[in-house]
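With compact mmCIF, C-alpha atoms inside, this is input10.txt:
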# COMPACT_ATOMS: atom_id res chain seq x y z
CA MET Z 1 -71.16 -7.36 82.03
CA GLU Z 2 -71.93 -6.33 78.51
CA LYS Z 3 -69.60 -7.50 75.87
CA GLN Z 4 -67.92 -4.73 73.94
CA PRO Z 5 -68.24 -4.88 70.18
CA GLN Z 6 -65.45 -6.84 68.62
CA ASN Z 7 -64.26 -3.85 66.60
CA SER Z 8 -63.71 -1.85 69.79
CA ARG Z 9 -61.12 -4.29 71.05
CA ARG Z 10 -59.28 -4.74 67.76
CA GLY Z 11 -59.55 -1.18 66.44
CA LEU Z 12 -61.19 -0.17 63.26
CA ALA Z 13 -60.69 -2.50 60.31
CA PRO Z 14 -58.67 -1.03 57.41
CA ARG Z 15 -60.82 0.65 54.82
CA GLU Z 16 -60.68 -0.59 51.28
CA VAL Z 17 -59.91 2.04 48.62
CA PRO Z 18 -62.89 2.32 46.29
CA PRO Z 19 -62.06 1.23 42.74
CA ALA Z 20 -62.97 4.66 41.34
CA VAL Z 21 -60.45 6.40 43.61
CA GLY Z 22 -57.72 3.95 42.64
CA LEU Z 23 -58.46 4.56 38.98
CA LEU Z 24 -58.20 8.33 39.49
CA LEU Z 25 -54.84 7.93 41.25
CA ILE Z 26 -53.50 5.80 38.39
CA MET Z 27 -54.68 8.36 35.83
CA ALA Z 28 -53.04 11.20 37.77
CA LEU Z 29 -49.78 9.27 37.83
CA MET Z 30 -50.03 8.59 34.11
CA ASN Z 31 -50.68 12.30 33.44
CA THR Z 32 -47.60 13.26 35.42
CA LEU Z 33 -45.44 10.79 33.53
CA LEU Z 34 -46.86 11.92 30.21
CA TYR Z 35 -46.15 15.60 30.90
CA LEU Z 36 -42.59 14.72 31.87
CA CYS Z 37 -42.21 12.84 28.60
CA LEU Z 38 -43.72 15.73 26.64
CA ASP Z 39 -41.33 18.18 28.27
CA HIS Z 40 -38.41 15.98 27.29
CA PHE Z 41 -39.75 15.62 23.76
CA PHE Z 42 -40.58 19.26 23.04
CA ILE Z 43 -37.74 21.05 24.82
CA ALA Z 44 -34.46 21.39 22.93
CA PRO Z 45 -31.31 19.65 24.15
CA PRO Z 46 -29.37 21.71 26.70
CA GLN Z 47 -26.91 24.15 25.22
CA SER Z 48 -23.27 24.11 26.18
CA ILE Z 49 -22.44 26.07 29.30
CA VAL Z 50 -19.14 27.10 27.70
CA ASP Z 51 -19.54 30.48 26.04
CA PRO Z 52 -16.49 32.28 24.68
CA ARG Z 53 -18.26 35.59 25.31
CA HIS Z 54 -17.83 35.01 29.02
CA CYS Z 55 -14.09 35.46 28.54
CA PRO Z 56 -12.44 38.83 27.87
CA TYR Z 57 -11.53 39.60 24.29
CA GLY Z 58 -8.44 37.66 23.27
CA HIS Z 59 -9.22 34.79 25.65
CA PHE Z 60 -11.08 31.48 25.38
CA ARG Z 61 -12.46 28.60 27.40
CA ILE Z 62 -13.36 25.15 26.08
CA GLY Z 63 -14.37 21.77 27.46
CA GLN Z 64 -14.03 21.55 31.23
CA MET Z 65 -11.71 24.54 31.54
CA LYS Z 66 -12.64 26.60 34.60
CA ASN Z 67 -10.60 29.65 33.71
CA CYS Z 68 -10.15 31.67 30.55
CA SER Z 69 -6.85 31.35 28.72
CA PRO Z 70 -5.26 33.94 26.39
CA TRP Z 71 -5.19 33.04 22.71
CA LEU Z 72 -2.19 30.81 22.11
CA SER Z 73 0.91 32.45 20.67
CA CYS Z 74 3.17 31.23 17.86
CA GLU Z 75 5.54 29.66 20.37
CA GLU Z 76 2.71 27.89 22.20
CA LEU Z 77 1.22 26.62 18.96
CA ARG Z 78 4.58 25.23 17.92
CA THR Z 79 5.43 23.53 21.20
CA GLU Z 80 2.09 22.62 22.85
CA VAL Z 81 -0.11 21.52 19.93
CA ARG Z 82 0.33 17.99 18.58
CA GLN Z 83 -0.96 17.44 15.05
CA LEU Z 84 -2.75 14.09 14.62
CA LYS Z 85 -4.43 13.67 11.23
CA ARG Z 86 -5.95 15.67 8.39
CA VAL Z 87 -9.74 15.91 8.59
CA GLY Z 88 -10.55 18.45 5.90
CA GLU Z 89 -9.24 20.61 3.07
CA GLY Z 90 -10.53 23.56 1.11
CA ALA Z 91 -9.15 26.09 -1.32
CA VAL Z 92 -7.69 28.19 1.50
CA LYS Z 93 -6.92 25.84 4.40
CA ARG Z 94 -6.06 22.28 5.34
CA VAL Z 95 -7.56 21.25 8.68
CA PHE Z 96 -5.91 18.78 11.06
CA LEU Z 97 -7.34 17.11 14.14
CA SER Z 98 -4.82 17.99 16.83
CA GLU Z 99 -4.37 17.88 20.58
CA TRP Z 100 -3.63 20.62 23.12
CA LYS Z 101 -3.44 19.78 26.83
CA GLU Z 102 -5.71 16.75 26.39
CA HIS Z 103 -8.24 18.81 24.42
CA LYS Z 104 -9.07 17.87 20.84
CA VAL Z 105 -8.59 20.96 18.67
CA ALA Z 106 -8.64 21.88 14.97
CA LEU Z 107 -5.42 23.23 13.47
CA SER Z 108 -5.81 25.02 10.12
CA ARG Z 109 -2.85 25.58 7.83
CA LEU Z 110 -2.72 27.79 4.73
CA THR Z 111 -2.76 25.70 1.54
CA SER Z 112 -0.75 28.08 -0.63
CA LEU Z 113 0.64 31.61 -0.40
CA GLU Z 114 -1.67 32.65 -3.25
CA MET Z 115 -4.59 32.31 -0.82
CA LYS Z 116 -2.95 34.20 2.06
CA ASP Z 117 -5.17 37.28 1.73
CA ASP Z 118 -8.28 35.12 2.11
CA PHE Z 119 -6.64 33.27 5.00
CA LEU Z 120 -5.84 36.49 6.85
CA HIS Z 121 -9.32 37.86 6.15
CA GLY Z 122 -10.83 34.72 7.69
CA LEU Z 123 -8.57 35.10 10.72
CA GLN Z 124 -9.59 38.73 11.17
CA MET Z 125 -13.26 37.79 10.97
CA LEU Z 126 -12.76 35.00 13.53
CA LYS Z 127 -11.10 37.46 15.91
CA SER Z 128 -13.79 40.11 15.41
CA LEU Z 129 -16.89 37.91 15.51
CA GLN Z 130 -16.21 35.67 18.53
CA GLY Z 131 -19.45 34.72 20.30
CA THR Z 132 -22.16 32.09 20.41
CA HIS Z 133 -22.60 32.03 16.60
CA VAL Z 134 -18.96 31.47 15.62
CA VAL Z 135 -16.48 28.67 16.32
CA THR Z 136 -14.17 29.44 19.25
CA LEU Z 137 -10.75 30.79 18.34
CA LEU Z 138 -7.95 29.34 20.50
CA GLY Z 139 -4.90 30.93 18.92
CA TYR Z 140 -3.12 31.82 15.70
CA CYS Z 141 0.30 32.44 14.21
CA GLU Z 142 0.54 34.67 11.16
CA ASP Z 143 4.23 33.83 10.77
CA ASP Z 144 3.38 30.14 10.33
CA ASN Z 145 0.00 30.71 8.64
CA THR Z 146 -1.84 28.65 11.27
CA ILE Z 147 -5.14 29.07 13.12
CA LEU Z 148 -6.31 26.96 16.08
CA THR Z 149 -10.01 26.56 16.84
CA GLU Z 150 -12.23 24.33 18.94
CA TYR Z 151 -12.80 20.86 17.46
CA HIS Z 152 -16.35 19.60 16.88
CA PRO Z 153 -16.38 15.83 16.20
CA LEU Z 154 -19.67 15.82 14.28
CA GLY Z 155 -17.98 17.87 11.58
CA SER Z 156 -19.62 20.13 9.05
CA LEU Z 157 -23.33 20.62 8.56
CA SER Z 158 -23.04 18.43 5.46
CA ASN Z 159 -23.01 15.43 7.83
CA LEU Z 160 -26.42 16.20 9.35
CA GLU Z 161 -28.44 13.39 7.77
CA GLU Z 162 -25.73 10.81 8.32
CA THR Z 163 -25.50 11.85 11.98
CA LEU Z 164 -29.25 11.85 12.63
CA ASN Z 165 -29.55 8.38 11.10
CA LEU Z 166 -27.42 6.99 13.93
CA SER Z 167 -29.52 5.25 16.59
CA LYS Z 168 -28.10 7.31 19.46
CA TYR Z 169 -29.39 10.52 17.88
CA GLN Z 170 -32.89 9.33 17.03
CA ASN Z 171 -34.33 11.30 19.96
CA VAL Z 172 -33.33 14.59 18.33
CA ASN Z 173 -34.39 13.61 14.80
CA THR Z 174 -37.71 15.45 15.14
CA TRP Z 175 -39.26 18.33 13.27
CA GLN Z 176 -38.92 20.47 16.43
CA HIS Z 177 -35.16 20.07 16.69
CA ARG Z 178 -34.70 20.38 12.93
CA LEU Z 179 -36.65 23.65 12.92
CA GLU Z 180 -34.46 24.86 15.78
CA LEU Z 181 -31.42 24.07 13.62
CA ALA Z 182 -32.93 26.21 10.85
CA MET Z 183 -33.39 28.97 13.43
CA ASP Z 184 -29.72 28.62 14.37
CA TYR Z 185 -28.75 29.11 10.73
CA VAL Z 186 -30.93 32.20 10.31
CA SER Z 187 -29.61 33.56 13.62
CA ILE Z 188 -26.07 33.34 12.25
CA ILE Z 189 -27.08 35.20 9.08
CA ASN Z 190 -28.84 37.83 11.20
CA TYR Z 191 -25.72 38.19 13.35
CA LEU Z 192 -23.51 38.65 10.29
CA HIS Z 193 -25.87 41.29 8.92
CA HIS Z 194 -25.63 43.21 12.22
CA SER Z 195 -22.11 42.27 13.28
CA PRO Z 196 -19.65 44.36 15.30
CA VAL Z 197 -17.73 44.90 12.06
CA GLY Z 198 -20.66 45.95 9.90
CA THR Z 199 -23.00 44.14 7.52
CA ARG Z 200 -21.19 41.03 6.34
CA VAL Z 201 -22.30 38.80 3.45
CA MET Z 202 -21.61 35.05 3.43
CA CYS Z 203 -20.15 34.99 -0.08
CA ASP Z 204 -18.63 31.50 -0.21
CA SER Z 205 -22.07 29.93 -0.69
CA ASN Z 206 -22.76 29.46 -4.37
CA ASP Z 207 -24.26 25.97 -4.05
CA LEU Z 208 -25.77 23.85 -1.29
CA PRO Z 209 -22.78 21.55 -0.54
CA LYS Z 210 -20.39 24.51 -0.40
CA THR Z 211 -22.72 26.44 1.88
CA LEU Z 212 -23.15 23.53 4.30
CA SER Z 213 -19.38 23.09 4.49
CA GLN Z 214 -19.04 26.58 5.96
CA TYR Z 215 -20.84 25.57 9.18
CA LEU Z 216 -20.21 23.11 12.01
CA LEU Z 217 -22.69 20.86 13.81
CA THR Z 218 -21.95 20.79 17.53
CA SER Z 219 -22.50 17.88 19.93
CA ASN Z 220 -25.39 19.88 21.42
CA PHE Z 221 -26.99 20.01 17.96
CA SER Z 222 -26.53 23.68 17.32
CA ILE Z 223 -24.85 25.34 14.35
CA LEU Z 224 -21.69 27.47 14.31
CA ALA Z 225 -20.18 29.52 11.51
CA ASN Z 226 -16.72 28.13 10.85
CA ASP Z 227 -15.32 29.28 7.51
CA LEU Z 228 -15.23 33.07 7.37
CA ASP Z 229 -12.73 33.53 4.54
CA ALA Z 230 -15.22 35.37 2.30
CA LEU Z 231 -17.23 37.89 4.31
CA PRO Z 232 -17.17 41.18 2.35
CA LEU Z 233 -18.62 44.35 3.83
CA VAL Z 234 -21.81 46.08 2.71
CA ASN Z 235 -22.26 49.73 3.66
CA HIS Z 236 -25.52 51.15 2.35
CA SER Z 237 -24.86 54.67 3.59
CA SER Z 238 -21.69 54.95 1.50
CA GLY Z 239 -23.01 52.88 -1.40
CA MET Z 240 -20.53 50.04 -0.80
CA LEU Z 241 -21.92 46.81 -2.24
CA VAL Z 242 -20.26 43.45 -2.94
CA LYS Z 243 -19.57 40.88 -5.64
CA CYS Z 244 -18.93 37.27 -4.65
CA GLY Z 245 -15.90 36.32 -6.71
CA HIS Z 246 -14.85 37.34 -10.19
CA ARG Z 247 -16.41 34.53 -12.22
CA GLU Z 248 -19.83 34.14 -13.79
CA LEU Z 249 -22.32 32.33 -11.54
CA HIS Z 250 -25.10 30.00 -12.67
CA GLY Z 251 -28.09 28.14 -11.25
CA ASP Z 252 -31.12 28.74 -9.05
CA PHE Z 253 -29.26 28.55 -5.74
CA VAL Z 254 -27.64 31.95 -6.19
CA ALA Z 255 -29.83 35.05 -6.14
CA PRO Z 256 -31.04 36.51 -9.47
CA GLU Z 257 -28.93 39.64 -9.00
CA GLN Z 258 -25.82 37.44 -8.92
CA LEU Z 259 -26.46 36.20 -12.47
CA TRP Z 260 -25.00 37.86 -15.56
CA PRO Z 261 -27.76 40.27 -16.65
CA TYR Z 262 -26.76 40.92 -20.28
CA GLY Z 263 -27.62 37.61 -21.90
CA GLU Z 264 -25.61 34.91 -23.63
CA ASP Z 265 -24.66 37.15 -26.55
CA VAL Z 266 -22.54 39.39 -24.31
CA PRO Z 267 -19.42 37.68 -22.91
CA PHE Z 268 -19.08 37.90 -19.14
CA ARG Z 269 -16.88 40.70 -17.86
CA ASP Z 270 -16.32 41.19 -14.16
CA ASP Z 271 -16.05 44.97 -14.52
CA LEU Z 272 -19.54 45.09 -16.07
CA MET Z 273 -21.14 42.81 -13.49
CA PRO Z 274 -23.39 44.80 -11.12
CA SER Z 275 -22.76 44.50 -7.39
CA TYR Z 276 -25.37 43.58 -4.77
CA ASP Z 277 -26.04 43.52 -1.03
CA GLU Z 278 -26.80 41.16 1.87
CA LYS Z 279 -30.20 40.18 0.47
CA ILE Z 280 -28.44 37.41 -1.47
CA ASP Z 281 -28.17 35.59 1.88
CA ILE Z 282 -31.96 35.85 2.32
CA TRP Z 283 -32.57 34.25 -1.10
CA ARG Z 284 -30.74 31.09 0.06
CA ILE Z 285 -32.60 30.65 3.37
CA PRO Z 286 -35.46 28.47 2.00
CA ASP Z 287 -32.98 26.08 0.38
CA ILE Z 288 -30.84 25.72 3.51
CA SER Z 289 -33.88 25.37 5.75
CA GLY Z 290 -35.35 22.78 3.39
CA PHE Z 291 -32.22 20.68 3.81
CA LEU Z 292 -32.24 21.10 7.59
CA LEU Z 293 -35.92 20.15 7.91
CA GLY Z 294 -35.31 16.95 5.98
CA HIS Z 295 -38.10 14.52 5.16
CA ILE Z 296 -39.36 13.13 8.43
CA GLU Z 297 -42.75 13.06 10.11
CA GLY Z 298 -43.94 16.63 10.65
CA SER Z 299 -41.44 18.35 8.33
CA ASP Z 300 -44.04 18.91 5.58
CA MET Z 301 -46.32 20.51 8.16
CA VAL Z 302 -43.52 22.94 9.05
CA ARG Z 303 -42.87 23.69 5.38
CA PHE Z 304 -46.56 24.53 4.92
CA HIS Z 305 -46.45 27.07 7.76
CA LEU Z 306 -43.22 28.59 6.39
CA PHE Z 307 -44.50 28.85 2.83
CA ASP Z 308 -45.32 32.57 2.90
CA ILE Z 309 -42.05 33.74 4.46
CA HIS Z 310 -40.05 31.50 2.14
CA LYS Z 311 -41.96 32.83 -0.85
CA ALA Z 312 -41.02 36.35 0.27
CA CYS Z 313 -37.36 35.28 0.54
CA LYS Z 314 -37.48 34.27 -3.12
CA SER Z 315 -38.70 37.64 -4.36
CA GLN Z 316 -36.98 38.62 -7.58
CA THR Z 317 -36.60 42.14 -6.17
CA PRO Z 318 -33.97 42.16 -3.40
CA SER Z 319 -35.51 45.08 -1.51
CA GLU Z 320 -38.80 43.19 -1.21
CA ARG Z 321 -37.21 40.25 0.61
CA PRO Z 322 -37.56 40.16 4.40
CA THR Z 323 -34.64 40.72 6.73
CA ALA Z 324 -33.03 37.81 8.53
CA GLN Z 325 -34.65 39.11 11.73
CA ASP Z 326 -38.09 38.96 10.06
CA VAL Z 327 -37.45 35.35 9.04
CA LEU Z 328 -36.20 34.43 12.50
CA GLU Z 329 -39.27 35.89 14.19
CA THR Z 330 -41.56 33.98 11.81
CA TYR Z 331 -39.70 30.73 12.51
CA GLN Z 332 -40.11 31.30 16.25
CA LYS Z 333 -43.85 31.95 15.88
CA VAL Z 334 -44.29 28.78 13.81
CA LEU Z 335 -42.34 26.72 16.35
CA ASP Z 336 -44.39 28.10 19.26
CA THR Z 337 -47.70 27.64 17.44
CA LEU Z 338 -47.07 24.06 16.37
CA ARG Z 339 -45.60 23.05 19.71
CA ASP Z 340 -48.58 24.53 21.59
CA ALA Z 341 -51.00 22.78 19.23
CA MET Z 342 -49.36 19.40 19.81
CA MET Z 343 -49.28 19.91 23.56
CA SER Z 344 -52.96 20.79 23.49
CA GLN Z 345 -53.79 17.68 21.48
CA ALA Z 346 -51.81 15.54 23.91
CA ARG Z 347 -53.75 16.96 26.85
CA GLU Z 348 -57.10 16.30 25.13
CA MET Z 349 -56.15 12.65 24.73
CA LEU Z 350 -55.75 12.21 28.49
Could you write out this file's structure as structure tokens?
Amino acid sequence: MEKQPQNSRRGLAPREVPPAVGLLLIMALMNTLLYLCLDHFFIAPPQSIVDPRHCPYGHFRIGQMKNCSPWLSCEELRTEVRQLKRVGEGAVKRVFLSEWKEHKVALSRLTSLEMKDDFLHGLQMLKSLQGTHVVTLLGYCEDDNTILTEYHPLGSLSNLEETLNLSKYQNVNTWQHRLELAMDYVSIINYLHHSPVGTRVMCDSNDLPKTLSQYLLTSNFSILANDLDALPLVNHSSGMLVKCGHRELHGDFVAPEQLWPYGEDVPFRDDLMPSYDEKIDIWRIPDISGFLLGHIEGSDMVRFHLFDIHKACKSQTPSERPTAQDVLETYQKVLDTLRDAMMSQAREML
């Protein structure tokens, strides 16, 4: 009887994978991992799922709250809020870290009765402008001159560099995330210029430190307007313009139209000072964005691409400056263009 071939009895021997195929599989795996890393690197951190707009007017939701709660009353503020320590003070308010039902909150108290009009104006603006651009209002008591808002542990925007220098935040210390912060800031200005209560001007911003102190940096690395004590109304149709304060202003940070126009030989008089409109907010955008972009790898590249729009913001003629919406759209185009270019370069390296 013929002997069967040895392979017939034992089955076919396992095939060896050719080296070229193995190399291709390894490269495919590396590509997949690289794209996952790129997605993580280029996509902004997730935004908070808590949005006060999802609650009816006069209600709020913070932290892990499942349901909306009405703004806290005077009685609730007095009995349910525990004041812990002072964390800030300005001309109008002292701010205290406090606790309400295991939530950290910020309790603001009027500093002096002389500032009560500004305090009440800020409260009215908080009530009217609730949404994604403004800190969440939790309650207030006009009788006690107190306002309760959501607490953000990273504090004001003045702390940005100090925060980003911490090792746990190094992953967001990139030009992409910094440009997105600048877009947050411009979005707030755009919102104020088209707010539910008319065109509002961020007046309490006569120098960089003061301006930064008006905003909060959230744990999700977004920006919120916090101090709304000086938001006068502009109404172009009725000719209503504004003046930020009653004192003479100096320096390059404020817009040219905010400077005394009659020279050093004429003493400053508030009644002779011309008024102006919301374009003073546009003048400041390049300075605020410059701070937010910082001086890290890639930030000079962003500045180069923003040069033209920032030059337009610094026009001596207010009417020639772009709108906040124009600036925001340019920022978005620059972000998309640079991000696409870097993704394309990464693919070519594979």
For Z:Thr211, which residue among Z:His194, Z:His295, Z:Arg284, Z:His246 is the nearest when counting all atoms listed in the file?
Z:Arg284
Using only C-alpha atoms - which residues lie no farther than 10 Å from the point (-11.5, 22.5, 4.7) in the file's frame? Write them as a PyMOL selection string.
chain Z and resi 86-96+108-109+111+156+213-214+226-227
May I have the residues within 9 Å of stretch 228-239 of chain Z as a list in words, using all atoms listed in the file and disregarding those fewer than 6 positions away in the same chain?
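Neighbouring residues, sequence-local ones excluded: Val92, Asp117, Asp118, Phe119, Leu120, His121, Gly122, Leu123, Gln124, Met125, Leu126, Leu192, His193, Val197, Gly198, Thr199, Arg200, Val201, Met202, Cys203, Asp204, Gln214, Tyr276, Asp277 and Glu278 of chain Z.
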Filtering to C-alpha atoms, could you give me those residues as a compact mmCIF listing (two decimals), keeping the file's coordinate frame?
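Result file follows (again39.txt):
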# COMPACT_ATOMS: atom_id res chain seq x y z
CA VAL Z 92 -7.69 28.19 1.50
CA ASP Z 117 -5.17 37.28 1.73
CA ASP Z 118 -8.28 35.12 2.11
CA PHE Z 119 -6.64 33.27 5.00
CA LEU Z 120 -5.84 36.49 6.85
CA HIS Z 121 -9.32 37.86 6.15
CA GLY Z 122 -10.83 34.72 7.69
CA LEU Z 123 -8.57 35.10 10.72
CA GLN Z 124 -9.59 38.73 11.17
CA MET Z 125 -13.26 37.79 10.97
CA LEU Z 126 -12.76 35.00 13.53
CA LEU Z 192 -23.51 38.65 10.29
CA HIS Z 193 -25.87 41.29 8.92
CA VAL Z 197 -17.73 44.90 12.06
CA GLY Z 198 -20.66 45.95 9.90
CA THR Z 199 -23.00 44.14 7.52
CA ARG Z 200 -21.19 41.03 6.34
CA VAL Z 201 -22.30 38.80 3.45
CA MET Z 202 -21.61 35.05 3.43
CA CYS Z 203 -20.15 34.99 -0.08
CA ASP Z 204 -18.63 31.50 -0.21
CA GLN Z 214 -19.04 26.58 5.96
CA TYR Z 276 -25.37 43.58 -4.77
CA ASP Z 277 -26.04 43.52 -1.03
CA GLU Z 278 -26.80 41.16 1.87
So the first atom is atom CA of Z:Trp260 and the second is atom CA of Z:Met273; what is the distance between them in Å, to one decimal place?
6.6 Å
Using only C-alpha atoms for the distances, tell me which of Z:Ile188, Z:Leu148, Z:Leu224, Z:Cys74 is nearest to Z:Leu97.
Z:Leu148
Produce stretch 159-177 of chain Z of the given structure as output with N, CA and C atoms, as a PDB file, in the first residue's frame.
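After the write, out.pdb holds the following:
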ATOM      1  N   ASN Z 159      -5.008  84.197  37.371  1.00  0.00           N
ATOM      2  CA  ASN Z 159      -4.222  83.037  37.826  1.00  0.00           C
ATOM      3  C   ASN Z 159      -3.857  82.076  36.694  1.00  0.00           C
ATOM      4  N   LEU Z 160      -4.111  82.452  35.448  1.00  0.00           N
ATOM      5  CA  LEU Z 160      -3.938  81.509  34.339  1.00  0.00           C
ATOM      6  C   LEU Z 160      -2.533  80.931  34.265  1.00  0.00           C
ATOM      7  N   GLU Z 161      -1.515  81.788  34.239  1.00  0.00           N
ATOM      8  CA  GLU Z 161      -0.145  81.299  34.076  1.00  0.00           C
ATOM      9  C   GLU Z 161       0.267  80.423  35.249  1.00  0.00           C
ATOM     10  N   GLU Z 162      -0.063  80.851  36.439  1.00  0.00           N
ATOM     11  CA  GLU Z 162       0.263  80.069  37.629  1.00  0.00           C
ATOM     12  C   GLU Z 162      -0.396  78.695  37.568  1.00  0.00           C
ATOM     13  N   THR Z 163      -1.628  78.652  37.088  1.00  0.00           N
ATOM     14  CA  THR Z 163      -2.351  77.373  36.990  1.00  0.00           C
ATOM     15  C   THR Z 163      -1.733  76.470  35.933  1.00  0.00           C
ATOM     16  N   LEU Z 164      -1.451  77.021  34.759  1.00  0.00           N
ATOM     17  CA  LEU Z 164      -0.920  76.209  33.664  1.00  0.00           C
ATOM     18  C   LEU Z 164       0.505  75.739  33.928  1.00  0.00           C
ATOM     19  N   ASN Z 165       1.196  76.370  34.851  1.00  0.00           N
ATOM     20  CA  ASN Z 165       2.542  75.923  35.209  1.00  0.00           C
ATOM     21  C   ASN Z 165       2.534  74.695  36.118  1.00  0.00           C
ATOM     22  N   LEU Z 166       1.363  74.348  36.653  1.00  0.00           N
ATOM     23  CA  LEU Z 166       1.253  73.144  37.476  1.00  0.00           C
ATOM     24  C   LEU Z 166       1.347  71.913  36.583  1.00  0.00           C
ATOM     25  N   SER Z 167       2.026  70.886  37.063  1.00  0.00           N
ATOM     26  CA  SER Z 167       2.270  69.695  36.234  1.00  0.00           C
ATOM     27  C   SER Z 167       0.978  69.026  35.779  1.00  0.00           C
ATOM     28  N   LYS Z 168      -0.064  69.052  36.588  1.00  0.00           N
ATOM     29  CA  LYS Z 168      -1.293  68.342  36.219  1.00  0.00           C
ATOM     30  C   LYS Z 168      -2.065  69.042  35.106  1.00  0.00           C
ATOM     31  N   TYR Z 169      -1.663  70.266  34.776  1.00  0.00           N
ATOM     32  CA  TYR Z 169      -2.348  70.981  33.699  1.00  0.00           C
ATOM     33  C   TYR Z 169      -1.463  71.160  32.466  1.00  0.00           C
ATOM     34  N   GLN Z 170      -0.328  70.475  32.427  1.00  0.00           N
ATOM     35  CA  GLN Z 170       0.566  70.627  31.292  1.00  0.00           C
ATOM     36  C   GLN Z 170      -0.080  70.183  29.975  1.00  0.00           C
ATOM     37  N   ASN Z 171      -1.011  69.231  30.060  1.00  0.00           N
ATOM     38  CA  ASN Z 171      -1.630  68.725  28.824  1.00  0.00           C
ATOM     39  C   ASN Z 171      -2.534  69.757  28.155  1.00  0.00           C
ATOM     40  N   VAL Z 172      -2.967  70.777  28.888  1.00  0.00           N
ATOM     41  CA  VAL Z 172      -3.786  71.817  28.262  1.00  0.00           C
ATOM     42  C   VAL Z 172      -2.998  73.103  28.031  1.00  0.00           C
ATOM     43  N   ASN Z 173      -1.717  73.102  28.360  1.00  0.00           N
ATOM     44  CA  ASN Z 173      -0.888  74.288  28.133  1.00  0.00           C
ATOM     45  C   ASN Z 173      -0.327  74.257  26.714  1.00  0.00           C
ATOM     46  N   THR Z 174      -1.241  74.345  25.751  1.00  0.00           N
ATOM     47  CA  THR Z 174      -0.886  74.305  24.329  1.00  0.00           C
ATOM     48  C   THR Z 174      -1.471  75.530  23.641  1.00  0.00           C
ATOM     49  N   TRP Z 175      -0.928  75.843  22.470  1.00  0.00           N
ATOM     50  CA  TRP Z 175      -1.447  77.004  21.754  1.00  0.00           C
ATOM     51  C   TRP Z 175      -2.910  76.792  21.372  1.00  0.00           C
ATOM     52  N   GLN Z 176      -3.312  75.529  21.109  1.00  0.00           N
ATOM     53  CA  GLN Z 176      -4.700  75.272  20.741  1.00  0.00           C
ATOM     54  C   GLN Z 176      -5.656  75.661  21.866  1.00  0.00           C
ATOM     55  N   HIS Z 177      -5.371  75.177  23.068  1.00  0.00           N
ATOM     56  CA  HIS Z 177      -6.263  75.454  24.180  1.00  0.00           C
ATOM     57  C   HIS Z 177      -6.208  76.925  24.588  1.00  0.00           C
TER      58      HIS Z 177
END
